[in-house]
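S.K.: Provided herewith is a single structure, encoded as structure tokens, for subsequent inquiry.
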Amino acid sequence: MTERKPRDFWPPLAAGAGLGLTLMGMFLVSGHGLGASDFFNRLLTSLSAAAAPDWTEMNSFFGGFVGAAHPLNSWISWEIAGVAIGALIGSFLAGRFRFKIERGPRASVGLRLGTAVGGGMLSGFGAALAGGCTSGLGLSGGAVLAVAAFVFLIAFFATGLLVATLTRRIWQ
Amino acid sequence: MTFPLENAGNLMVLVAGVLFGFFIESAGLNSPRKLTAQFALRDWTVFRVMFTAIVVAAAGLWLFDVAGWLRFDALKVPTLFFWAMALGGAMLGAGMAIGGYCPGTSVVGLFAGRLDALFFMLGMMLGSTVFALSYDSLESLYQVKGPANQTLSGLTGLPAWLWLLLLAGMAAGGFFLGNWFESRRGGKISAKDLASGS
């Protein structure tokens with residue numbers, strides 16, 4: 001399986017146009033765009049509710065996801081299930097599916113897993129603070145020309161560029 | 001027929017998710033090396049795909065609106081909370097430069113076999129927990145607030161079609177700037193580069 005030669009990626013313009021039409025379609029059928037981080041917040045809320053139901057309901061952040069329905073009973077769970085299926089289809093069809101820990105040529109596995117957890121923590125905190133992530137706020141807000149999306153995207157790219165001056169060595 | 005539909009079925013949302021995952025994977029934007037190469041200015045795929053998607057979706061929605069098939073005011077337009085969104089965006093940018101993903105791309109990464117994405121997700125849930133524990137003390141970050149559901153047209157008074165042209169022009173400029181950088185900094189990371197680990 002892993003011996004298959006991978007087909008190269010689509011040209012960015014083609015993939016971007018496909019993604020743009022998908023995003024437009026999502027707005028047309030549902031009134032909102034695509035998202036991701038809220039799925040993880042809902043997953044976390046359901047775990048927290050299982051462990052400490054009263055505390056979870058009282059917490060000002062998690063409490064927002066607690067209601068009559070189960071926290072995971074939301075459109076975003078269906079969307080993320082679709083994302084997983086789409087990723088499997090795309091990577092298998094193109095021979096790009098590989099079990100691996102992707103890391104820069106000079107980074108050890110330990111360093112890579114550490115940066116994954118550390119970067120993930122910043123990302124989880126940041127998405128909760130902003131009320132959305134690169135998809136939910138940047139991409140989807142951008143499609144309806146929301147001022148909020150462009151403030152978010154400028155901060156995202158500017159900080160990424162700045163931090164990468166320190167971290168590019170572990171990646172490139 | 002008027003959009004948005006009153007009630008999107010779960011199946012339609014699932015299909016949109018499949019396409020979302022498929023196009024991100026097809027572009028290679030589930031690879032942390034490719035994602036971080038954008039911030040090293042070596043590979044401009046993130047910028048190209050995101051900007052193309054925004055311009056295509058925004059232009060499409062604008063056409064539906066002009067044709068009278070869309071109630072634009074029924075669409076979800078996020079309201080600006082300046083500090084929360086600027087700081088949150090900055091943290092997601094730093095999180096990608098360090099951890100190699102953002103929330104959505106980590107899902108696509110995991111389901112193409114990347115186990116490091118699982119650790120990123122674990123980190124995300126830790127980060128959200130820290131946020132939930134400190135939410136009450138962060139209230140001041142939500143005080144600078146923009147007008148509800150404000151768009152670029154609402155902010156500037158310029159018509160939406162002009163903003164679309166400006167964004168398309170910026171995208172084109174970014175494509176050329178990207179070519180210039182890519183020819184000087186090692187260039188795009190291909191699927192073969194990732195397989196061979198160079």
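Residues in the structure tokens are numbered from 1 in each chain, the chains being A, B, ... in the order shown, and ligands are numbered from 1 in the order shown.
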Please identify all polymer residues within 7 Å of Gly123 of chain B, counting only C-alpha atoms, omitting same-chain residues fewer than 6 positions from it, and present them as a ChimeraX atom specification.
M.R.: /A:117-118,120-121
S.K.: Could you please take those selected residues and save N, CA and C atoms as a compact mmCIF listing (two decimals), in the first residue's frame?
M.R.:
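As a result, again13.txt now contains:
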# COMPACT_ATOMS: atom_id res chain seq x y z
N VAL A 117 1.46 19.25 20.05
CA VAL A 117 0.64 19.53 21.23
C VAL A 117 0.69 21.03 21.56
N GLY A 118 1.89 21.61 21.54
CA GLY A 118 2.04 23.03 21.88
C GLY A 118 1.30 23.93 20.90
N GLY A 120 -1.10 23.04 18.97
CA GLY A 120 -2.52 22.74 19.14
C GLY A 120 -3.13 23.52 20.28
N MET A 121 -2.38 23.66 21.38
CA MET A 121 -2.90 24.42 22.53
C MET A 121 -3.16 25.87 22.15
S.K.: Considering only C-alpha atoms, state which residue in the set B:Ser26, B:Thr52, B:Asn179, B:Ser134 is at the smallest distance from Trp10 of chain A.
M.R.: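 Nearest candidate to Trp10 of chain A out of B:Ser26, B:Thr52, B:Asn179, B:Ser134: B:Ser26.
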S.K.: Could you pull the residues within 10 Å of Val163 of chain A, counting only C-alpha atoms, minus those fewer than 5 positions along the same chain, as JSON, numbers by chain?
M.R.: {"A": [157, 158, 168], "B": [39, 40, 90, 93, 94, 95, 96, 97, 98]}
S.K.: Applying 8 Å and only C-alpha atoms, which residues near segment 100-113 of chain A remain after dropping the ones on its own chain fewer than 3 positions away? List them as number ranges by chain.
M.R.: A: 116-117, 170-172; B: 31-33, 113-116, 119, 197-198
S.K.: Could you write out that same residue set with C-alpha atoms as a PDB file, in the first residue's frame?
M.R.:
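Saved result, again_5.pdb, follows:
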ATOM      1  CA  ALA A 116       1.993  19.389  17.671  1.00  0.00           C
ATOM      2  CA  VAL A 117       0.640  19.533  21.234  1.00  0.00           C
ATOM      3  CA  ILE A 170      12.346  22.781  12.462  1.00  0.00           C
ATOM      4  CA  TRP A 171      10.136  22.514   9.366  1.00  0.00           C
ATOM      5  CA  GLN A 172      12.208  23.245   6.256  1.00  0.00           C
TER       6      GLN A 172
ATOM      7  CA  SER B  31       0.519  18.549   5.120  1.00  0.00           C
ATOM      8  CA  PRO B  32       2.128  20.464   7.995  1.00  0.00           C
ATOM      9  CA  ARG B  33       5.315  20.864   5.970  1.00  0.00           C
ATOM     10  CA  GLY B 113      -2.775   8.960   7.835  1.00  0.00           C
ATOM     11  CA  ARG B 114      -0.895  11.702   9.703  1.00  0.00           C
ATOM     12  CA  LEU B 115      -0.736  10.658  13.336  1.00  0.00           C
ATOM     13  CA  ASP B 116       0.872  13.937  14.438  1.00  0.00           C
ATOM     14  CA  PHE B 119      -1.484  15.165  19.002  1.00  0.00           C
ATOM     15  CA  GLY B 197      11.069  13.190   3.001  1.00  0.00           C
ATOM     16  CA  SER B 198      13.258  15.814   1.309  1.00  0.00           C
TER      17      SER B 198
END
S.K.: Closest to Thr105 of chain B among A:Ser140, A:Thr45, A:Phe125, A:Cys133, using only C-alpha atoms?
M.R.: A:Cys133
S.K.: Give me the residues near segment 62-76 of chain A as a PDB file with C-alpha atoms, in the first residue's frame, where near means some atom within 8 Å (using only C-alpha atoms) and where sequence neighbours in that chain fewer than 3 positions away do not count.
M.R.:
ATOM      1  CA  GLY A  35     -16.326  25.331  10.165  1.00  0.00           C
ATOM      2  CA  ALA A  36     -14.099  23.119  12.286  1.00  0.00           C
ATOM      3  CA  ASP A  38     -16.713  24.255  17.131  1.00  0.00           C
ATOM      4  CA  PHE A  39     -16.746  20.511  16.562  1.00  0.00           C
ATOM      5  CA  ASN A  41     -15.482  22.494  21.490  1.00  0.00           C
ATOM      6  CA  ARG A  42     -18.631  20.383  21.312  1.00  0.00           C
ATOM      7  CA  LEU A  43     -16.680  17.160  21.650  1.00  0.00           C
ATOM      8  CA  THR A  45     -18.161  19.807  26.176  1.00  0.00           C
ATOM      9  CA  SER A  46     -19.678  16.333  25.857  1.00  0.00           C
ATOM     10  CA  THR A  56     -19.926  22.034  32.647  1.00  0.00           C
ATOM     11  CA  GLU A  57     -23.363  23.622  32.610  1.00  0.00           C
ATOM     12  CA  MET A  58     -22.207  26.383  34.971  1.00  0.00           C
ATOM     13  CA  ASN A  59     -19.032  27.151  33.003  1.00  0.00           C
ATOM     14  CA  GLU A  79     -19.726  18.298   8.303  1.00  0.00           C
ATOM     15  CA  ILE A  80     -16.636  16.991  10.113  1.00  0.00           C
TER      16      ILE A  80
ATOM     17  CA  ASN B  10     -27.796  16.625   7.309  1.00  0.00           C
ATOM     18  CA  VAL B  13     -24.045  19.240   5.055  1.00  0.00           C
ATOM     19  CA  ALA B 132     -12.963  27.717  29.373  1.00  0.00           C
TER      20      ALA B 132
END
S.K.: Report as a compact mmCIF listing (two decimals) with N, CA and C atoms, in the first residue's frame all protein, DNA and RNA residues lying within 9 Å of segment 171-174 of chain B, evaluated on only C-alpha atoms, omitting residues in the same chain fewer than 5 positions from it.
M.R.:
# COMPACT_ATOMS: atom_id res chain seq x y z
N TRP B 44 3.43 29.06 -1.71
CA TRP B 44 2.30 29.98 -1.48
C TRP B 44 0.95 29.32 -1.68
N PHE B 47 -2.04 30.64 0.67
CA PHE B 47 -2.57 31.92 0.23
C PHE B 47 -3.41 31.75 -1.04
N ARG B 48 -2.88 31.02 -2.02
CA ARG B 48 -3.57 30.86 -3.31
C ARG B 48 -4.92 30.18 -3.14
N PHE B 51 -7.41 32.40 -0.87
CA PHE B 51 -7.86 33.63 -1.54
C PHE B 51 -8.75 33.31 -2.73
N THR B 52 -8.38 32.26 -3.49
CA THR B 52 -9.23 31.85 -4.61
C THR B 52 -10.60 31.44 -4.10
N VAL B 55 -12.67 34.51 -3.03
CA VAL B 55 -13.14 35.32 -4.17
C VAL B 55 -14.23 34.58 -4.94
N LEU B 166 -11.41 44.42 -6.09
CA LEU B 166 -10.19 44.70 -5.31
C LEU B 166 -9.58 43.40 -4.78
N ASN B 179 4.90 33.52 -7.05
CA ASN B 179 5.82 32.97 -8.06
C ASN B 179 7.23 33.48 -7.84
S.K.: Pick out the closest residue to chain A from this set: B:Ser140, B:Thr156, B:Ser128, B:Ser183. Count only C-alpha atoms.
M.R.: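 Checking each candidate against chain A, we get B:Ser128 as the closest.
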S.K.: Please determine, counting only C-alpha atoms, which residue among B:Ala148, B:Leu35, B:Leu41, B:Leu87 has the shortest atom-to-atom distance to Tyr101 of chain B.
M.R.: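 Smallest separation from Tyr101 of chain B among the options: B:Leu35.
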S.K.: With DSSP run on the backbone, what are the strand (DSSP E or B) residues within segment 3-185 of chain B? I'd like them as a PDB file with C-alpha atoms, in the first residue's frame.
M.R.:
ATOM      1  CA  PHE B   3     -31.695  30.748  -0.846  1.00  0.00           C
ATOM      2  CA  LEU B  70     -30.633  34.992  -2.229  1.00  0.00           C
ATOM      3  CA  PHE B  81     -14.825  41.740  18.349  1.00  0.00           C
ATOM      4  CA  ARG B 114      -0.895  11.702   9.703  1.00  0.00           C
ATOM      5  CA  LYS B 145     -17.009  45.621  19.172  1.00  0.00           C
ATOM      6  CA  THR B 151     -19.283  43.821   5.787  1.00  0.00           C
TER       7      THR B 151
END
S.K.: Would you mind reading off the distance between atom CA of Ala27 of chain B and atom CA of Leu13 of chain A, one decimal, in Å?
M.R.: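 We find that atom CA of Ala27 of chain B and atom CA of Leu13 of chain A lie 9.1 Å from each other.
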S.K.: Tell me which of A:Gly138, A:Leu166, A:Gly16, A:Gly33 sits closest to chain B, counting only C-alpha atoms.
M.R.: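 Ranked by minimum distance to chain B, first place goes to A:Gly16.
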S.K.: Run DSSP on the backbone and tell me which residues of chain B come out as helix (DSSP H, G or I); list them as a ChimeraX atom specification.
M.R.: /B:10-27,32-39,45-66,72-74,82-99,103-110,116-142,152-156,160-182,191-196
S.K.: What does the structure give for the distance between atom CA of Phe23 of chain B and atom CA of Gly136 of chain A, in Å to one decimal?
M.R.: 16.3 Å
S.K.: Near Glu182 of chain B, within 8 Å and counting only C-alpha atoms, which residues show up once chain neighbours fewer than 4 positions away are dropped, as an NGL selection string?
M.R.: :B and (41-44 or 178 or 186-188)
S.K.: Store the residues picked out above in a file with C-alpha atoms, as a PDB file, in the first residue's frame.
M.R.:
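Below you can see again.pdb, which holds the result:
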ATOM      1  CA  LEU B  41       7.380  32.139   2.003  1.00  0.00           C
ATOM      2  CA  ARG B  42       8.657  29.070   0.165  1.00  0.00           C
ATOM      3  CA  ASP B  43       5.282  27.648  -1.001  1.00  0.00           C
ATOM      4  CA  TRP B  44       2.303  29.976  -1.484  1.00  0.00           C
ATOM      5  CA  GLY B 178       4.178  33.963  -4.767  1.00  0.00           C
ATOM      6  CA  GLY B 186      13.157  26.244  -3.018  1.00  0.00           C
ATOM      7  CA  GLY B 187       9.651  26.288  -4.486  1.00  0.00           C
ATOM      8  CA  LYS B 188       6.460  24.356  -3.933  1.00  0.00           C
TER       9      LYS B 188
END
